[in-house]
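Reproduced below: run02.txt, with compact mmCIF, C-alpha atoms.
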```
# COMPACT_ATOMS: atom_id res chain seq x y z
CA MET A 5 59.70 -1.45 26.38
CA ILE A 6 58.78 -1.67 22.68
CA GLY A 7 56.21 -4.06 21.27
CA VAL A 8 55.15 -5.14 17.80
CA ILE A 9 51.56 -6.22 17.22
CA ASP A 10 50.57 -8.75 14.59
CA ALA A 11 47.09 -9.23 13.17
CA CYS A 12 46.21 -12.43 15.05
CA PHE A 13 47.04 -10.74 18.35
CA ILE A 14 45.30 -7.39 17.83
CA ILE A 15 42.04 -8.84 16.50
CA ASP A 16 41.66 -10.99 19.61
CA TRP A 17 43.12 -8.56 22.15
CA SER A 18 40.67 -5.86 20.93
CA ARG A 19 37.85 -8.06 22.19
CA TYR A 20 39.30 -8.50 25.65
CA ARG A 21 37.45 -6.64 28.40
CA HIS A 22 40.74 -5.42 29.93
CA ARG A 23 42.33 -4.51 26.58
CA ASP A 24 43.41 -1.04 27.73
CA LEU A 25 45.87 -2.57 30.20
CA ILE A 26 48.32 -3.08 27.35
CA LYS A 27 48.87 0.67 27.12
CA GLY A 28 50.72 0.65 30.44
CA LEU A 29 52.96 -2.24 29.49
CA PHE A 30 54.68 -0.78 26.44
CA ASP A 31 56.21 2.62 25.76
CA ILE A 32 55.63 2.19 22.04
CA LEU A 33 53.78 -0.40 20.00
CA TYR A 34 54.58 -0.80 16.30
CA ILE A 35 52.24 -2.05 13.63
CA HIS A 36 52.85 -2.58 9.92
CA GLU A 37 50.42 -0.97 7.49
CA GLU A 38 49.70 -4.40 5.95
CA ILE A 39 48.44 -5.53 9.37
CA LEU A 40 46.16 -2.50 9.56
CA ALA A 41 44.73 -3.51 6.18
CA GLN A 42 43.61 -6.84 7.71
CA LEU A 43 41.37 -5.11 10.26
CA ARG A 44 37.70 -4.91 9.34
CA SER A 45 35.62 -5.36 12.49
CA GLU A 46 34.42 -2.30 14.35
CA ILE A 47 35.88 -3.56 17.62
CA SER A 48 39.44 -4.00 16.31
CA ILE A 49 39.42 -0.83 14.16
CA SER A 50 38.07 1.20 17.06
CA PHE A 51 40.70 -0.08 19.51
CA THR A 52 43.56 0.24 17.02
CA SER A 53 42.64 3.73 15.88
CA ARG A 54 42.36 4.83 19.53
CA LEU A 55 45.87 3.52 20.21
CA LEU A 56 47.13 5.34 17.09
CA ALA A 57 45.40 8.58 18.11
CA GLU A 58 46.91 8.38 21.59
CA GLY A 59 50.38 7.94 20.09
CA LYS A 60 50.83 4.56 21.78
CA LEU A 61 50.65 2.70 18.49
CA ARG A 62 52.81 3.80 15.56
CA LEU A 63 53.18 2.71 11.98
CA TYR A 64 56.57 1.09 11.52
CA PRO A 65 58.69 2.89 8.92
CA TRP A 66 59.39 -0.09 6.65
CA THR A 67 62.64 0.26 4.65
CA GLN A 68 64.28 -1.37 1.65
CA SER A 69 66.66 -3.11 4.00
CA ASP A 70 63.65 -4.63 5.86
CA GLU A 71 62.23 -5.72 2.51
CA ASP A 72 65.54 -7.41 1.62
CA GLU A 73 65.45 -9.28 4.92
CA PHE A 74 61.87 -10.32 4.20
CA LEU A 75 62.90 -11.79 0.84
CA LEU A 76 65.73 -13.71 2.46
CA LEU A 77 63.62 -15.00 5.37
CA ARG A 78 60.81 -16.00 3.02
CA SER A 79 63.26 -17.95 0.85
CA GLU A 80 64.67 -19.73 3.88
CA ILE A 81 61.24 -20.71 5.16
CA ILE A 82 59.20 -21.32 2.02
CA ALA A 83 61.89 -23.44 0.39
CA ASN A 84 61.76 -25.89 3.27
CA PRO A 85 58.56 -28.00 3.27
CA ARG A 86 59.08 -29.08 6.88
CA ILE A 87 58.67 -25.54 8.17
CA PRO A 88 55.08 -24.37 8.66
CA SER A 89 54.22 -21.87 5.94
CA LEU A 90 53.91 -18.26 6.96
CA GLU A 91 52.25 -15.38 5.19
CA ARG A 92 53.93 -12.07 4.41
CA PRO A 93 52.28 -10.07 7.24
CA ASP A 94 53.49 -12.62 9.83
CA LEU A 95 57.05 -12.36 8.63
CA LEU A 96 56.99 -8.56 8.48
CA CYS A 97 56.14 -8.43 12.19
CA LEU A 98 58.91 -10.85 13.04
CA ILE A 99 61.43 -8.76 11.11
CA ILE A 100 60.26 -5.55 12.82
CA ALA A 101 60.58 -7.17 16.25
CA ARG A 102 64.14 -8.27 15.54
CA ARG A 103 65.16 -4.91 14.05
CA ALA A 104 63.56 -2.85 16.83
CA ASN A 105 64.68 -5.24 19.57
CA ALA A 106 61.03 -5.42 20.53
CA ILE A 107 58.63 -7.99 21.96
CA LEU A 108 56.47 -9.50 19.24
CA LEU A 109 52.86 -9.98 20.29
CA SER A 110 51.53 -12.88 18.25
CA GLU A 111 49.13 -15.79 18.53
CA ASN A 112 50.52 -17.27 15.33
CA ILE A 113 51.89 -20.78 15.92
CA GLY A 114 54.11 -20.56 12.84
CA ILE A 115 55.89 -17.53 14.25
CA HIS A 116 56.43 -19.22 17.62
CA ARG A 117 57.95 -22.15 15.74
CA VAL A 118 60.32 -20.03 13.69
CA ILE A 119 61.97 -18.68 16.83
CA GLU A 120 62.39 -22.23 18.12
CA PHE A 121 64.89 -23.10 15.39
CA HIS A 122 65.91 -20.14 13.22
CA PRO A 123 69.43 -18.96 14.14
CA ARG A 124 68.84 -15.29 13.30
CA TYR A 125 65.46 -15.15 15.04
CA ARG A 126 66.13 -17.37 18.05
CA ASN A 127 66.54 -14.39 20.36
CA VAL A 128 63.35 -12.60 19.36
CA LYS A 129 60.88 -12.60 22.25
CA VAL A 130 57.36 -13.57 21.20
CA TRP A 131 54.47 -13.32 23.64
CA THR A 132 50.93 -14.57 23.29
CA ALA A 133 48.16 -12.98 25.34
CA LEU A 134 49.11 -15.36 28.18
CA GLU A 135 52.63 -13.97 28.56
CA THR A 136 51.23 -10.47 28.09
CA LEU A 137 48.88 -11.02 31.05
CA GLU A 138 51.78 -12.44 33.05
CA HIS A 139 53.92 -9.38 32.38
CA LEU A 140 51.03 -7.08 33.29
CA VAL A 141 51.31 -8.67 36.74
CA TYR A 142 55.09 -8.17 36.96
CA ARG A 143 54.63 -4.53 35.92
CA GLY A 144 52.01 -4.00 38.66
CA LEU A 145 49.25 -3.30 36.15
CA ILE A 146 47.33 -6.31 37.42
CA THR A 147 47.38 -6.60 41.18
CA LEU A 148 46.86 -10.05 42.57
CA SER A 149 47.65 -12.12 45.61
CA SER A 150 47.00 -15.62 44.31
CA GLU A 151 47.23 -17.84 41.26
CA GLU A 152 43.43 -18.08 41.22
CA GLU A 153 43.15 -14.35 40.68
CA PHE A 154 45.50 -14.60 37.71
CA MET A 155 43.45 -17.47 36.32
CA ARG A 156 40.37 -15.23 36.45
CA PHE A 157 42.09 -12.86 34.01
CA VAL A 158 43.12 -15.80 31.82
CA ARG A 159 39.57 -17.26 31.77
CA GLU A 160 38.09 -13.87 30.96
CA TYR A 161 40.45 -13.57 28.00
CA GLU A 162 39.55 -17.08 26.86
CA GLN A 163 35.83 -16.28 27.10
CA ASP A 164 36.05 -12.91 25.34
CA THR A 165 38.09 -14.25 22.42
CA ASN A 166 37.12 -17.94 22.25
CA HIS A 167 40.71 -18.86 22.94
CA ILE A 168 42.19 -21.89 24.69
CA PHE A 169 45.65 -21.75 26.20
CA ARG A 170 47.37 -25.11 26.40
CA LYS A 171 47.43 -26.61 29.90
CA ARG A 172 51.21 -27.05 29.77
CA ARG A 173 51.74 -23.39 28.94
CA ILE A 174 49.42 -22.26 31.72
CA GLU A 175 51.25 -24.49 34.21
CA THR A 176 54.64 -23.10 33.17
CA CYS A 177 53.30 -19.58 33.47
CA LEU A 178 51.80 -20.29 36.93
CA LYS A 179 55.11 -21.74 38.08
CA ARG A 180 56.86 -18.45 37.24
CA LEU A 181 54.07 -16.46 38.87
CA ARG A 182 54.24 -18.56 42.04
CA THR A 183 57.91 -17.69 42.43
CA TRP A 184 57.10 -14.04 41.80
CA LEU A 185 54.24 -14.02 44.34
CA ARG A 186 56.51 -15.51 47.01
CA ARG A 187 59.17 -12.81 46.62
CA MET B 5 67.27 -21.29 -5.83
CA SER B 6 70.80 -19.90 -5.46
CA GLN B 7 73.50 -21.95 -3.74
CA GLU B 8 73.65 -19.33 -0.98
CA ILE B 9 69.94 -19.75 -0.20
CA GLU B 10 70.21 -23.55 -0.42
CA ASP B 11 73.00 -23.46 2.16
CA LEU B 12 70.95 -21.21 4.42
CA VAL B 13 67.94 -23.50 4.16
CA LYS B 14 70.10 -26.46 5.21
CA LYS B 15 71.29 -24.51 8.25
CA ILE B 16 67.81 -23.55 9.43
CA THR B 17 66.11 -26.95 9.14
CA PRO B 18 64.37 -27.78 12.42
CA CYS B 19 65.58 -30.92 14.22
CA LYS B 20 63.55 -34.15 14.28
CA GLU B 21 62.52 -33.77 17.93
CA LEU B 22 61.09 -30.35 17.20
CA LEU B 23 59.18 -31.72 14.20
CA ARG B 24 57.79 -34.55 16.33
CA LYS B 25 56.73 -32.07 19.01
CA TRP B 26 54.96 -29.91 16.41
CA ILE B 27 53.11 -32.91 14.95
CA LEU B 28 51.80 -33.85 18.40
CA GLU B 29 50.81 -30.24 19.16
CA ASP B 30 48.98 -30.00 15.82
CA GLU B 31 47.08 -33.24 16.42
CA GLU B 32 46.04 -32.17 19.91
CA ALA B 33 44.87 -28.73 18.71
CA ARG B 34 42.95 -30.23 15.76
CA GLU B 35 41.07 -32.56 18.10
CA ILE B 36 40.11 -29.67 20.39
CA ARG B 37 38.92 -27.52 17.46
CA ARG B 38 36.85 -30.42 16.07
CA ARG B 39 35.28 -31.05 19.48
CA TYR B 40 34.31 -27.44 20.21
CA ALA B 41 33.20 -26.39 16.69
CA ASN B 42 29.55 -25.66 16.04
CA TRP B 43 29.16 -27.95 13.02
CA GLU B 44 25.53 -26.93 12.46
CA PHE B 45 26.59 -23.30 12.04
CA ILE B 46 29.42 -24.34 9.71
CA LYS B 47 27.16 -26.53 7.56
CA ASN B 48 24.77 -23.63 7.03
CA GLN B 49 27.41 -21.27 5.65
CA PRO B 50 27.95 -20.49 1.94
CA PRO B 51 30.44 -22.91 0.30
CA LYS B 52 33.55 -20.69 0.49
CA VAL B 53 33.02 -19.89 4.15
CA ARG B 54 32.13 -23.48 4.98
CA LEU B 55 35.32 -24.72 3.34
CA ALA B 56 37.38 -22.01 5.00
CA LEU B 57 36.07 -22.86 8.47
CA THR B 58 36.61 -26.57 7.87
CA TYR B 59 40.17 -25.82 6.74
CA LEU B 60 40.67 -23.70 9.86
CA ILE B 61 39.55 -26.59 12.09
CA GLU B 62 41.99 -28.95 10.39
CA SER B 63 44.98 -26.60 10.16
CA GLY B 64 44.52 -23.76 12.65
CA ASP B 65 45.82 -21.45 9.91
CA LEU B 66 43.69 -18.30 10.01
CA TYR B 67 45.49 -16.59 7.10
CA LYS B 68 44.96 -19.40 4.61
CA ALA B 69 41.40 -19.92 5.80
CA ALA B 70 40.75 -16.22 5.20
CA LYS B 71 42.17 -16.54 1.70
CA ILE B 72 39.87 -19.49 0.96
CA ALA B 73 36.87 -17.42 2.07
CA ASP B 74 38.18 -14.34 0.24
CA LEU B 75 38.07 -12.38 3.51
CA THR B 76 40.58 -10.58 5.72
CA ILE B 77 41.70 -12.44 8.82
CA ASP B 78 39.66 -10.11 11.01
CA GLU B 79 36.49 -10.99 9.08
CA LEU B 80 37.33 -14.69 9.21
CA ASN B 81 38.05 -14.40 12.92
CA GLU B 82 34.51 -13.09 13.50
CA LEU B 83 33.17 -16.19 11.76
CA ARG B 84 35.58 -18.36 13.78
CA ILE B 85 34.07 -17.01 16.99
CA LYS B 86 30.50 -17.53 15.72
CA ALA B 87 31.45 -21.07 14.70
CA LYS B 88 32.89 -21.62 18.20
CA ILE B 89 36.26 -22.73 16.82
CA PRO B 90 38.79 -22.03 19.56
CA ASN B 91 42.11 -20.38 18.82
CA ILE B 92 44.71 -22.55 20.56
CA THR B 93 48.17 -21.41 21.64
```
Let me see whether you can do it: turn the structure in this file into structure tokens.
Amino acid sequence: MIGVIDACFIIDWSRYRHRDLIKGLFDILYIHEEILAQLRSEISISFTSRLLAEGKLRLYPWTQSDEDEFLLLRSEIIANPRIPSLERPDLLCLIIARRANAILLSENIGIHRVIEFHPRYRNVKVWTALETLEHLVYRGLITLSSEEEFMRFVREYEQDTNHIFRKRRIETCLKRLRTWLRR
Amino acid sequence: MSQEIEDLVKKITPCKELLRKWILEDEEAREIRRRYANWEFIKNQPPKVRLALTYLIESGDLYKAAKIADLTIDELNELRIKAKIPNIT
């Protein structure tokens, strides 16, 4: 499985006490050099450079064709005032995920909204840390026997990163996990 | 804007229900950020940072807040955590 990491995701995930678990979930993780340029804190630089050194994280080879798609996507989104504005680095990650048929790891609400309505991007899978934790369970990288155990991982993430997952999203996630635990 | 782009924009406009859902989500998230924020910490920051953190509470947009503070999003995120402004998804 291939993943693409955006800045909002990596800066928070780097702070998570179980951050190394992500290495087992993806064969390759891509990052754009403009995302790397956003990293300044020791904790995120240290985690990211370790992933790069281990070969798990790779710089995405951005092409002219990707740039053309960026210009088109930006025009489509910026020209419409009803669509939440998105910055260049956000859009680059979305384009990479579509091109590489990869999972986009993003906490950016704007990105999650684009895939809710944009015809070309509707099929791109975007995970927040919550879905990432959920898939760590499915992959056997987090072993648990109850929903409560899963919630411990979720609460730890929330504490480490000062994050709040919406109740509705947690309930939907737990519903899927319940089915999986009963299998 | 070229006709081709104008046509594309028309095709990708989100529907009204989606827009309504987003407005409700934004309002809910804004309320949570306002409630959890450490306003004392925010008030004691230099003007650019103070404005950036206030903008972040109102919008949830880390990128624009970072631009206001003239910081990268990683640097702004460190201040977000110190200011106890939750990231909500």
**Request:** Would you give me, as number ranges by chain, the residues of chain A that come within 9 Å of chain B, using all atoms listed in the file?
**Result:** A: 11-12, 15-16, 41-45, 48, 76, 79-81, 83-84, 86-87, 90-91, 111-114, 117-118, 120-123, 132, 134, 162, 165-170, 173
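Our summary of the geometry notes that CA of Ile72 in chain B is positioned 14.5 Å from CA of Ile46 in chain B.
Going from CA of Val158 in chain A to CA of Leu137 in chain A covers 7.5 Å.
Interatomic distance, CA of Val8 in chain A to CA of Ala101 in chain A: 6.0 Å.
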Can you pull out every residue within 8 Å of range 175-182 of chain A, counting all atoms listed in the file, but drop anything in the same chain fewer than 5 positions away, and send it as an mmCIF file with C-alpha atoms, in the frame of the given file?
```
data_model
loop_
_atom_site.group_PDB
_atom_site.id
_atom_site.type_symbol
_atom_site.label_atom_id
_atom_site.label_comp_id
_atom_site.auth_asym_id
_atom_site.auth_seq_id
_atom_site.Cartn_x
_atom_site.Cartn_y
_atom_site.Cartn_z
ATOM 1 C CA LEU A 134 49.110 -15.360 28.180
ATOM 2 C CA GLU A 135 52.630 -13.970 28.560
ATOM 3 C CA GLU A 138 51.780 -12.440 33.050
ATOM 4 C CA GLU A 151 47.230 -17.840 41.260
#
```
Could you pull range 56-156 of chain A out of the block above and save it with C-alpha atoms, as a short mmCIF file (atom, residue, chain, number, x, y, z; two decimals), in the first residue's frame?
```cif
data_model
loop_
_atom_site.label_atom_id
_atom_site.label_comp_id
_atom_site.auth_asym_id
_atom_site.auth_seq_id
_atom_site.Cartn_x
_atom_site.Cartn_y
_atom_site.Cartn_z
CA LEU A 56 13.60 9.11 4.75
CA ALA A 57 16.81 7.45 5.94
CA GLU A 58 15.04 4.12 6.34
CA GLY A 59 13.71 4.37 2.78
CA LYS A 60 10.10 4.27 3.99
CA LEU A 61 9.49 7.88 3.02
CA ARG A 62 10.43 9.10 -0.45
CA LEU A 63 10.38 12.44 -2.20
CA TYR A 64 7.75 12.36 -4.92
CA PRO A 65 9.22 13.02 -8.37
CA TRP A 66 7.00 15.97 -9.34
CA THR A 67 6.60 16.37 -13.13
CA GLN A 68 5.39 19.02 -15.56
CA SER A 69 2.25 16.99 -16.07
CA ASP A 70 1.59 17.13 -12.27
CA GLU A 71 2.16 20.88 -12.40
CA ASP A 72 -0.36 21.22 -15.23
CA GLU A 73 -2.90 19.31 -13.18
CA PHE A 74 -2.18 21.59 -10.22
CA LEU A 75 -2.90 24.67 -12.34
CA LEU A 76 -6.17 23.18 -13.53
CA LEU A 77 -7.29 22.04 -10.07
CA ARG A 78 -6.36 25.40 -8.55
CA SER A 79 -8.41 27.21 -11.21
CA GLU A 80 -11.39 24.97 -10.57
CA ILE A 81 -11.25 25.50 -6.82
CA ILE A 82 -10.07 29.08 -6.41
CA ALA A 83 -12.51 30.43 -8.98
CA ASN A 84 -15.43 29.15 -6.94
CA PRO A 85 -15.99 31.15 -3.73
CA ARG A 86 -18.18 28.43 -2.22
CA ILE A 87 -15.31 25.97 -2.09
CA PRO A 88 -13.01 26.28 0.93
CA SER A 89 -9.70 27.76 -0.21
CA LEU A 90 -6.73 25.45 -0.30
CA GLU A 91 -3.04 26.25 -0.39
CA ARG A 92 -0.61 24.89 -2.96
CA PRO A 93 0.98 22.23 -0.69
CA ASP A 94 -2.47 20.76 0.10
CA LEU A 95 -3.32 20.43 -3.56
CA LEU A 96 0.06 18.93 -4.46
CA CYS A 97 -0.56 16.07 -2.03
CA LEU A 98 -4.02 15.46 -3.42
CA ILE A 99 -2.64 15.31 -6.96
CA ILE A 100 0.12 12.89 -5.91
CA ALA A 101 -2.41 10.62 -4.18
CA ARG A 102 -4.57 10.47 -7.30
CA ARG A 103 -1.62 9.91 -9.65
CA ALA A 104 0.00 7.25 -7.45
CA ASN A 105 -3.32 5.61 -6.56
CA ALA A 106 -2.30 6.14 -2.96
CA ILE A 107 -3.99 6.88 0.35
CA LEU A 108 -3.67 10.54 1.26
CA LEU A 109 -2.95 11.11 4.94
CA SER A 110 -4.35 14.52 5.78
CA GLU A 111 -6.02 16.37 8.64
CA ASN A 112 -6.93 19.21 6.30
CA ILE A 113 -10.70 19.77 6.22
CA GLY A 114 -10.50 21.48 2.83
CA ILE A 115 -8.98 18.38 1.27
CA HIS A 116 -11.65 16.12 2.79
CA ARG A 117 -14.26 18.43 1.30
CA VAL A 118 -12.76 18.41 -2.18
CA ILE A 119 -13.15 14.64 -2.41
CA GLU A 120 -16.78 14.97 -1.34
CA PHE A 121 -17.74 16.76 -4.55
CA HIS A 122 -14.95 16.94 -7.13
CA PRO A 123 -15.59 14.46 -9.97
CA ARG A 124 -11.90 13.77 -10.72
CA TYR A 125 -10.95 13.41 -7.05
CA ARG A 126 -14.01 11.64 -5.69
CA ASN A 127 -12.25 8.28 -5.65
CA VAL A 128 -9.14 9.43 -3.82
CA LYS A 129 -8.99 7.87 -0.36
CA VAL A 130 -8.13 10.37 2.37
CA TRP A 131 -7.46 9.21 5.92
CA THR A 132 -7.04 11.26 9.06
CA ALA A 133 -5.15 9.81 12.02
CA LEU A 134 -8.42 8.15 13.10
CA GLU A 135 -8.72 6.02 9.96
CA THR A 136 -4.98 5.38 10.11
CA LEU A 137 -5.38 3.96 13.63
CA GLU A 138 -8.34 1.91 12.43
CA HIS A 139 -6.34 0.41 9.58
CA LEU A 140 -3.45 -0.35 11.93
CA VAL A 141 -5.94 -2.64 13.70
CA TYR A 142 -7.07 -4.33 10.46
CA ARG A 143 -3.42 -4.88 9.52
CA GLY A 144 -2.71 -6.50 12.91
CA LEU A 145 -0.27 -3.77 13.92
CA ILE A 146 -2.50 -2.86 16.85
CA THR A 147 -3.86 -5.89 18.64
CA LEU A 148 -7.06 -5.37 20.55
CA SER A 149 -10.05 -7.28 21.78
CA SER A 150 -12.47 -4.46 22.54
CA GLU A 151 -13.61 -1.03 21.43
CA GLU A 152 -12.30 0.40 24.70
CA GLU A 153 -8.78 -0.67 23.82
CA PHE A 154 -9.08 1.11 20.48
CA MET A 155 -10.35 4.22 22.23
CA ARG A 156 -7.22 4.19 24.40
#
```
